[in-house]
Every structure is written in C-alpha cells, then in structure tokens.
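Source file entry.csv; content: CSV, C-alpha atoms.
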```
chain,number,residue,atom,x,y,z
A,1,MET,CA,11.4,19.9,-10.2
A,2,VAL,CA,10.3,16.6,-11.9
A,3,PHE,CA,13.2,14.5,-13.1
A,4,ARG,CA,13.2,12.2,-16.1
A,5,LEU,CA,14.6,8.8,-15.4
A,6,SER,CA,17.1,7.0,-17.7
A,7,ASP,CA,17.7,3.3,-18.0
A,8,ALA,CA,20.1,3.6,-15.0
A,9,LEU,CA,18.8,2.1,-11.8
A,10,ILE,CA,18.7,5.3,-9.8
A,11,PHE,CA,16.3,7.8,-8.4
A,12,PRO,CA,16.8,11.5,-7.5
A,13,ASP,CA,16.8,12.5,-3.8
A,14,PRO,CA,13.1,12.3,-2.7
A,15,SER,CA,13.5,15.6,-0.9
A,16,LEU,CA,13.6,17.3,-4.3
A,17,ALA,CA,10.0,16.2,-5.1
A,18,GLU,CA,7.4,18.8,-6.1
A,19,GLU,CA,5.0,20.1,-3.4
A,20,ASP,CA,2.4,17.4,-4.4
A,21,GLY,CA,5.1,14.7,-4.1
A,22,TRP,CA,5.7,14.2,-7.8
A,23,LEU,CA,9.4,13.3,-8.1
A,24,ALA,CA,10.1,11.7,-11.5
A,25,VAL,CA,8.8,10.3,-14.7
A,26,GLY,CA,9.9,7.4,-16.9
A,27,GLY,CA,11.9,4.4,-16.1
A,28,ASP,CA,10.2,1.0,-15.9
A,29,LEU,CA,8.4,-1.2,-13.4
A,30,SER,CA,11.1,-3.9,-13.1
A,31,ALA,CA,11.3,-5.7,-9.7
A,32,GLU,CA,14.7,-4.1,-9.1
A,33,ARG,CA,13.5,-0.5,-9.7
A,34,LEU,CA,10.3,-1.0,-7.7
A,35,LEU,CA,12.2,-2.4,-4.7
A,36,LEU,CA,14.7,0.5,-4.8
A,37,ALA,CA,11.8,2.9,-5.0
A,38,TYR,CA,10.0,1.6,-1.9
A,39,GLN,CA,13.2,1.3,0.0
A,40,ASN,CA,13.5,5.1,-0.5
A,41,GLY,CA,9.9,6.0,0.2
A,42,ILE,CA,8.9,6.4,-3.5
A,43,PHE,CA,6.0,4.7,-5.3
A,44,PRO,CA,4.5,4.7,-8.8
A,45,TRP,CA,1.2,6.4,-9.4
A,46,TYR,CA,-0.2,7.1,-12.9
A,47,SER,CA,-3.1,6.3,-15.2
A,48,GLU,CA,-3.4,3.9,-18.1
A,49,GLY,CA,-1.8,5.5,-21.2
A,50,ASP,CA,0.3,7.9,-19.2
A,51,PRO,CA,4.1,7.6,-18.6
A,52,ILE,CA,5.2,6.1,-15.3
A,53,CYS,CA,5.2,8.7,-12.6
A,54,TRP,CA,7.0,8.4,-9.3
A,55,TYR,CA,5.9,10.1,-6.1
A,56,SER,CA,7.3,10.8,-2.7
A,57,PRO,CA,5.1,13.1,-0.7
A,58,HIS,CA,6.8,15.4,1.8
A,59,GLU,CA,4.4,14.2,4.4
A,60,ARG,CA,3.2,10.6,4.6
A,61,PHE,CA,-0.1,9.4,6.0
A,62,VAL,CA,0.6,6.3,8.1
A,63,ILE,CA,-0.9,4.2,10.9
A,64,TYR,CA,1.4,3.1,13.6
A,65,ALA,CA,0.5,-0.5,14.6
A,66,ASP,CA,0.2,0.4,18.3
A,67,ASP,CA,-2.1,3.3,17.5
A,68,ILE,CA,-4.7,1.5,15.4
A,69,HIS,CA,-8.2,2.5,16.6
A,70,ILE,CA,-10.7,-0.3,16.9
A,71,SER,CA,-14.3,0.7,17.8
A,72,GLY,CA,-16.5,-1.5,20.0
A,73,SER,CA,-18.6,-2.6,17.0
A,74,MET,CA,-15.4,-3.6,15.2
A,75,GLU,CA,-14.2,-5.6,18.2
A,76,ARG,CA,-17.5,-7.5,18.2
A,77,LEU,CA,-17.1,-8.2,14.5
A,78,LEU,CA,-13.5,-9.4,15.0
A,79,ARG,CA,-14.7,-11.8,17.7
A,80,SER,CA,-17.5,-13.1,15.6
A,81,ALA,CA,-17.2,-16.0,13.1
A,82,ARG,CA,-18.5,-13.9,10.1
A,83,TYR,CA,-15.2,-13.7,8.3
A,84,THR,CA,-12.2,-15.9,7.9
A,85,LEU,CA,-8.7,-14.6,7.1
A,86,THR,CA,-5.8,-15.8,5.1
A,87,GLU,CA,-2.5,-14.4,3.9
A,88,ASP,CA,-1.0,-14.7,0.4
A,89,ARG,CA,-3.7,-17.3,-0.5
A,90,ASP,CA,-4.9,-15.3,-3.5
A,91,PHE,CA,-2.7,-12.3,-4.1
A,92,ALA,CA,-3.6,-11.9,-7.8
A,93,THR,CA,-7.3,-11.8,-7.1
A,94,VAL,CA,-6.9,-9.2,-4.3
A,95,VAL,CA,-5.0,-6.9,-6.7
A,96,ARG,CA,-7.6,-7.5,-9.4
A,97,HIS,CA,-10.4,-6.5,-7.1
A,98,CYS,CA,-8.5,-3.4,-5.9
A,99,SER,CA,-8.2,-2.4,-9.5
A,100,SER,CA,-11.9,-2.9,-10.4
A,101,VAL,CA,-14.0,-2.2,-7.3
A,102,PRO,CA,-15.6,1.3,-7.8
A,103,ARG,CA,-14.5,4.0,-5.3
A,104,ALA,CA,-16.4,7.1,-4.3
A,105,GLY,CA,-15.0,10.2,-6.0
A,106,GLN,CA,-12.7,8.3,-8.4
A,107,ASP,CA,-13.2,7.7,-12.1
A,108,GLY,CA,-11.2,4.6,-13.1
A,109,THR,CA,-8.1,3.2,-11.5
A,110,TRP,CA,-4.4,3.8,-11.2
A,111,ILE,CA,-3.7,0.0,-11.0
A,112,THR,CA,-2.9,-0.6,-14.6
A,113,GLU,CA,-2.3,-4.0,-16.2
A,114,GLU,CA,1.4,-3.1,-16.3
A,115,MET,CA,1.3,-2.5,-12.5
A,116,ILE,CA,-0.6,-5.7,-11.8
A,117,ASP,CA,2.1,-7.7,-13.7
A,118,ALA,CA,4.9,-5.8,-11.8
A,119,TYR,CA,3.4,-6.5,-8.3
A,120,LEU,CA,2.8,-10.1,-9.2
A,121,SER,CA,6.5,-10.4,-10.1
A,122,LEU,CA,7.4,-8.9,-6.7
A,123,HIS,CA,5.0,-11.4,-5.1
A,124,HIS,CA,6.8,-14.3,-6.6
A,125,ARG,CA,10.0,-12.9,-5.0
A,126,GLY,CA,8.3,-12.7,-1.6
A,127,ILE,CA,8.3,-8.9,-1.5
A,128,THR,CA,4.6,-8.1,-1.9
A,129,HIS,CA,2.0,-9.7,0.3
A,130,SER,CA,-1.8,-9.8,0.7
A,131,VAL,CA,-4.4,-10.4,3.3
A,132,GLU,CA,-7.7,-12.0,2.2
A,133,ILE,CA,-11.0,-11.7,4.0
A,134,TRP,CA,-13.5,-14.5,3.2
A,135,GLU,CA,-17.2,-14.8,3.9
A,136,GLY,CA,-18.8,-18.1,3.2
A,137,GLY,CA,-16.1,-19.1,0.7
A,138,ARG,CA,-16.3,-15.8,-1.2
A,139,LEU,CA,-13.6,-13.2,-1.2
A,140,ALA,CA,-15.1,-10.3,0.7
A,141,GLY,CA,-12.2,-7.9,1.1
A,142,GLY,CA,-8.4,-7.6,1.2
A,143,ILE,CA,-5.3,-5.5,1.1
A,144,TYR,CA,-2.0,-5.8,-0.6
A,145,GLY,CA,1.3,-4.0,-0.4
A,146,VAL,CA,5.1,-4.0,-0.4
A,147,VAL,CA,7.0,-5.1,2.7
A,148,ILE,CA,10.2,-3.3,3.6
A,149,GLY,CA,11.4,-4.7,7.0
A,150,ARG,CA,8.8,-3.7,9.5
A,151,VAL,CA,6.9,-1.4,7.2
A,152,PHE,CA,3.9,-2.5,5.2
A,153,CYS,CA,3.7,-0.1,2.3
A,154,GLY,CA,0.0,-0.4,1.6
A,155,GLU,CA,-0.9,-0.1,-2.1
A,156,SER,CA,-4.7,-0.6,-2.0
A,157,MET,CA,-7.5,-2.4,-0.3
A,158,PHE,CA,-11.1,-3.3,-1.1
A,159,GLY,CA,-14.2,-4.4,0.6
A,160,LEU,CA,-17.3,-6.1,-0.8
A,161,ALA,CA,-18.9,-6.8,2.6
A,162,PRO,CA,-19.3,-4.5,5.7
A,163,SER,CA,-15.9,-3.5,7.2
A,164,ALA,CA,-14.1,-6.3,5.4
A,165,SER,CA,-11.2,-4.0,4.4
A,166,LYS,CA,-10.9,-2.7,8.0
A,167,VAL,CA,-10.6,-6.3,9.2
A,168,ALA,CA,-7.6,-6.8,6.9
A,169,LEU,CA,-5.9,-3.6,8.0
A,170,ILE,CA,-6.4,-4.4,11.7
A,171,HIS,CA,-4.9,-7.8,11.1
A,172,LEU,CA,-1.7,-6.2,9.8
A,173,CYS,CA,-1.5,-3.9,12.8
A,174,ARG,CA,-2.1,-6.7,15.2
A,175,SER,CA,0.2,-9.2,13.6
A,176,GLY,CA,3.3,-8.0,15.5
A,177,ARG,CA,5.3,-8.0,12.2
A,178,TYR,CA,5.0,-4.3,11.4
A,179,ASP,CA,5.7,-1.0,13.2
A,180,LEU,CA,3.6,0.9,10.8
A,181,VAL,CA,1.4,0.7,7.7
A,182,ASP,CA,2.2,3.4,5.1
A,183,CYS,CA,-1.1,4.5,3.7
A,184,GLN,CA,0.5,7.0,1.3
A,185,PHE,CA,-2.4,9.5,1.2
A,186,HIS,CA,-4.9,10.8,3.8
A,187,THR,CA,-8.5,9.6,3.8
A,188,PRO,CA,-11.1,10.4,6.5
A,189,HIS,CA,-11.7,6.6,6.8
A,190,LEU,CA,-8.0,5.9,7.7
A,191,GLU,CA,-7.8,8.9,10.0
A,192,ARG,CA,-10.7,7.5,12.1
A,193,MET,CA,-8.7,4.3,12.4
A,194,GLY,CA,-5.7,6.2,13.9
A,195,GLY,CA,-3.9,7.4,10.8
A,196,LYS,CA,-1.7,10.5,11.0
A,197,PHE,CA,0.9,12.5,9.0
A,198,ILE,CA,4.6,12.0,9.6
A,199,SER,CA,7.5,13.5,7.7
A,200,ARG,CA,9.3,11.8,4.9
A,201,THR,CA,12.4,11.8,7.1
A,202,GLU,CA,10.5,9.8,9.8
A,203,LEU,CA,9.2,7.3,7.3
A,204,GLN,CA,12.7,6.9,5.9
A,205,ARG,CA,14.1,6.1,9.3
A,206,HIS,CA,11.8,3.1,9.5
A,207,LEU,CA,12.6,2.0,6.0
A,208,SER,CA,16.3,2.4,6.5
A,209,ALA,CA,16.2,0.2,9.6
A,210,ALA,CA,15.3,-2.7,7.4
A,211,GLN,CA,18.4,-2.2,5.2
A,212,LYS,CA,21.1,-2.3,8.0
```

Kindly present the structure from the file in structure tokens form.
Amino acid sequence: MVFRLSDALIFPDPSLAEEDGWLAVGGDLSAERLLLAYQNGIFPWYSEGDPICWYSPHERFVIYADDIHISGSMERLLRSARYTLTEDRDFATVVRHCSSVPRAGQDGTWITEEMIDAYLSLHHRGITHSVEIWEGGRLAGGIYGVVIGRVFCGESMFGLAPSASKVALIHLCRSGRYDLVDCQFHTPHLERMGGKFISRTELQRHLSAAQK
C-alpha cells in the first residue's frame, strides 16, 4: 500500500512498498527528510505539479565499483587528453543540465525546481556531490548524487559530448571511495557498463554500514 506522510520525520518500512516501488506520498524535501530517506534506500520521484512521491524498489539496479566494465575504446578515451575532470566545481550547473538535457523516450523531467533547491541545500551540507567533465572549457557531461558512506546514490547524469557521462561514472567507480553506485533503475546503457539487480536488503546492508 502507499502511505501518506505527516509532518513527523518518519518513513514506513520500505519492504511495504508497492510492486513498482512506490512507498509513500507527501511530506517535504527538507534536508533532514531527504537524508533519512537515502539512509533507508528511499528516494523522491515525481513530476512538476504532482505531490511528492517516495520510492524504494524491491530490486535495485547498481554497479559495484569493482565490476565496472570499460571497453577498449573507453580506455583509450580515458587515456587521451580530450576531457578534464573536476569534482564539486559546479554542482548547480550539473543538476541544471540533468534537468534540461532531452532524453530518449522521456517527455519532460522529474528534476523539478523544488528538487533542485533541495539537492543544492544538501550540497551545502556536504551530502550531495558532483563530477564534472570538461571539454575545452565547456561543461560536456557530469553526474550528481547523494553520498551515504561508501554508496554513491546516483540521481542523474548527462552528456553533451561522446561518452562524457560514462567518463564521470567510471571516475566514481575508480575513485576508491565507493563500493557501489546506486543507479536506482535499469537501463541497457548501465547494464553494458556492469550494472545488475540486487535486493533491497543487500543495498540496505551497504547503507547501514555507513551509519554504525
């Protein structure tokens, strides 16, 4: 069943989510609520004008850092000087690009103005982070997400140049700071890079390790 949240800072047990992962509706996007959500494998996902919806899929699509697949062509690109990489240099612009860059099969974006403000607030607290990919001084790609211990909860990524978003994702996996990247949902693109489904219980094990 889908629960309606009150003003109390609490979520229902994620195991009670609907088959599609829909767990609750309502509440707010305060930094405290968002942090509690991600610590429990829950994330907001809704469209402009709709109430805030909270999801916790029974299976989660993730990439284990050690399992990232890098093709020969990607290795050559990574060794080249085509792109330069930074972290947290321009978090706000990365989020803006993620909200505006068109995506195949999608009409519009789930990254609302309210969500942008919320993740910026988390960024000021050192909870959300970004990777930026630059080409000749122009932002060519990037990724942002919420960091819970050694889990990078990826929210969105974009690319305006060939494989720029892949470079950002590979950097996260090779950084040595994360055991896995939570991709939330399956895509063929992420599967080719080594993504696979794990249970919510397995994801929670990684998330809980950061809270001990």

Set the distance at 8 Å and use all atoms listed in the file: which residues neighbour region 81-91 of chain A once local chain neighbours fewer than 5 positions away are removed? I'd like the list as number ranges by chain.
A: 120, 123, 129-136, 144, 168

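Among the candidates A:Ile52, A:Ile70, A:Val25, A:Leu139, the one nearest to Arg192 (chain A) when counting all atoms listed in the file is A:Ile70.
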
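Distance annotation: of A:Leu190, A:Pro162, A:Gly141, A:Thr112, the residue with the minimal separation from Gly49 (chain A) is A:Thr112; atom set is only C-alpha atoms.
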
Find the distance between CA of Arg60 (chain A) and CA of Ile198 (chain A) and write it in Å to one decimal.
5.4 Å

Please list, as an NGL selection string, the residues that have an atom at most 10 Å away from (-10.1, -1.4, -3.5) in the coordinates of this file, counting all atoms listed in the file.
:A and (94-103 or 109 or 111 or 141-144 or 155-160 or 165)

From the set A:Val151, A:Ile63, A:Ala118, A:Ala140, which residue has the shortest atom-to-atom contact distance to Phe185 (chain A), counting all atoms listed in the file?
A:Ile63

Sorted per-residue table, region 42-68 of chain A near region 9-20 of chain A, closest atoms and distance, 8 Å, all atoms listed in the file, as JSON lines:
```
{"residue": "A:Ile42", "atom": "CA", "partner": "A:Pro14", "partner_atom": "CA", "distance": 7.3}
{"residue": "A:Tyr55", "atom": "CA", "partner": "A:Ala17", "partner_atom": "CA", "distance": 7.4}
{"residue": "A:Ser56", "atom": "CA", "partner": "A:Pro14", "partner_atom": "CA", "distance": 6.0}
{"residue": "A:Pro57", "atom": "CA", "partner": "A:Asp20", "partner_atom": "CA", "distance": 6.3}
{"residue": "A:His58", "atom": "CA", "partner": "A:Ser15", "partner_atom": "CA", "distance": 7.2}
```

Please compute the CA of Glu202 (chain A)-CA of Thr187 (chain A) distance, one decimal, in Å.
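Computing it gives 19.9 Å between the two atoms.
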
Separation of CA of Arg177 (chain A) and CA of Ser199 (chain A), in Å?
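Taking CA of Arg177 (chain A) as the start and CA of Ser199 (chain A) as the end point, the length is 22.1 Å.
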
Which of A:Gln184, A:Thr93, A:Ser175, A:Thr128 sits closest to Gly21 (chain A) [using all atoms listed in the file]
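When distances to Gly21 (chain A) are compared using all atoms listed in the file, the smallest one comes from A:Gln184.
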
Do a neighbour search on Ala31 (chain A) at 8 Å with only C-alpha atoms, toss out local chain neighbours closer than 3 positions, and write the hits as JSON, numbers by chain.
{"A": [34, 35, 118, 121, 122]}

Incomplete region 114-148 of chain A filled out to N, CA and C atoms as a tab-separated table (two decimals), in the frame of the given file:
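Result went into rebuild13.tsv, see below:
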```
chain	number	residue	atom	x	y	z
A	114	GLU	N	-0.02	-3.11	-16.43
A	114	GLU	CA	1.40	-3.10	-16.30
A	114	GLU	C	1.80	-3.19	-14.79
A	115	MET	N	1.06	-2.45	-13.96
A	115	MET	CA	1.30	-2.50	-12.50
A	115	MET	C	0.96	-3.82	-11.91
A	116	ILE	N	-0.16	-4.39	-12.36
A	116	ILE	CA	-0.60	-5.70	-11.80
A	116	ILE	C	0.53	-6.73	-12.10
A	117	ASP	N	1.05	-6.75	-13.32
A	117	ASP	CA	2.10	-7.70	-13.70
A	117	ASP	C	3.36	-7.45	-12.80
A	118	ALA	N	3.66	-6.17	-12.56
A	118	ALA	CA	4.90	-5.80	-11.80
A	118	ALA	C	4.73	-6.30	-10.33
A	119	TYR	N	3.56	-6.09	-9.72
A	119	TYR	CA	3.40	-6.50	-8.30
A	119	TYR	C	3.31	-8.01	-8.19
A	120	LEU	N	2.79	-8.68	-9.21
A	120	LEU	CA	2.80	-10.10	-9.20
A	120	LEU	C	4.24	-10.66	-9.25
A	121	SER	N	5.07	-10.00	-10.05
A	121	SER	CA	6.50	-10.40	-10.10
A	121	SER	C	7.14	-10.22	-8.75
A	122	LEU	N	6.85	-9.12	-8.06
A	122	LEU	CA	7.40	-8.90	-6.70
A	122	LEU	C	6.85	-9.96	-5.75
A	123	HIS	N	5.61	-10.35	-5.94
A	123	HIS	CA	5.00	-11.40	-5.10
A	123	HIS	C	5.74	-12.68	-5.19
A	124	HIS	N	6.09	-13.05	-6.41
A	124	HIS	CA	6.80	-14.30	-6.60
A	124	HIS	C	8.19	-14.26	-5.95
A	125	ARG	N	8.71	-13.06	-5.70
A	125	ARG	CA	10.00	-12.90	-5.00
A	125	ARG	C	9.83	-12.75	-3.51
A	126	GLY	N	8.59	-12.80	-3.04
A	126	GLY	CA	8.30	-12.70	-1.60
A	126	GLY	C	8.40	-11.28	-1.07
A	127	ILE	N	8.21	-10.27	-1.94
A	127	ILE	CA	8.30	-8.90	-1.50
A	127	ILE	C	6.96	-8.23	-1.31
A	128	THR	N	5.97	-8.60	-2.10
A	128	THR	CA	4.60	-8.10	-1.90
A	128	THR	C	3.76	-9.18	-1.28
A	129	HIS	N	2.80	-8.75	-0.46
A	129	HIS	CA	2.00	-9.70	0.30
A	129	HIS	C	0.53	-9.20	0.32
A	130	SER	N	-0.37	-10.12	0.61
A	130	SER	CA	-1.80	-9.80	0.70
A	130	SER	C	-2.42	-10.42	1.91
A	131	VAL	N	-3.51	-9.80	2.34
A	131	VAL	CA	-4.40	-10.40	3.30
A	131	VAL	C	-5.76	-10.52	2.69
A	132	GLU	N	-6.35	-11.71	2.81
A	132	GLU	CA	-7.70	-12.00	2.20
A	132	GLU	C	-8.71	-12.16	3.31
A	133	ILE	N	-9.88	-11.57	3.12
A	133	ILE	CA	-11.00	-11.70	4.00
A	133	ILE	C	-12.09	-12.50	3.28
A	134	TRP	N	-12.53	-13.61	3.87
A	134	TRP	CA	-13.50	-14.50	3.20
A	134	TRP	C	-14.81	-14.52	3.99
A	135	GLU	N	-15.89	-14.60	3.26
A	135	GLU	CA	-17.20	-14.80	3.90
A	135	GLU	C	-17.93	-15.88	3.13
A	136	GLY	N	-18.11	-16.99	3.83
A	136	GLY	CA	-18.80	-18.10	3.20
A	136	GLY	C	-18.12	-18.61	1.94
A	137	GLY	N	-16.79	-18.60	1.91
A	137	GLY	CA	-16.10	-19.10	0.70
A	137	GLY	C	-15.91	-18.04	-0.36
A	138	ARG	N	-16.46	-16.85	-0.16
A	138	ARG	CA	-16.30	-15.80	-1.20
A	138	ARG	C	-15.36	-14.73	-0.66
A	139	LEU	N	-14.51	-14.24	-1.57
A	139	LEU	CA	-13.60	-13.20	-1.20
A	139	LEU	C	-14.33	-11.90	-0.96
A	140	ALA	N	-14.31	-11.43	0.29
A	140	ALA	CA	-15.10	-10.30	0.70
A	140	ALA	C	-14.33	-9.01	0.87
A	141	GLY	N	-13.01	-9.12	0.92
A	141	GLY	CA	-12.20	-7.90	1.10
A	141	GLY	C	-10.72	-8.34	1.17
A	142	GLY	N	-9.87	-7.32	1.15
A	142	GLY	CA	-8.40	-7.60	1.20
A	142	GLY	C	-7.59	-6.38	1.09
A	143	ILE	N	-6.30	-6.58	1.26
A	143	ILE	CA	-5.30	-5.50	1.10
A	143	ILE	C	-4.03	-6.12	0.60
A	144	TYR	N	-3.27	-5.34	-0.17
A	144	TYR	CA	-2.00	-5.80	-0.60
A	144	TYR	C	-0.96	-4.67	-0.52
A	145	GLY	N	0.30	-5.03	-0.44
A	145	GLY	CA	1.30	-4.00	-0.40
A	145	GLY	C	2.72	-4.58	-0.42
A	146	VAL	N	3.68	-3.70	-0.33
A	146	VAL	CA	5.10	-4.00	-0.40
A	146	VAL	C	5.67	-4.03	1.03
A	147	VAL	N	6.40	-5.06	1.39
A	147	VAL	CA	7.00	-5.10	2.70
A	147	VAL	C	8.45	-4.80	2.70
A	148	ILE	N	8.80	-3.75	3.45
A	148	ILE	CA	10.20	-3.30	3.60
A	148	ILE	C	10.49	-3.41	5.11
```
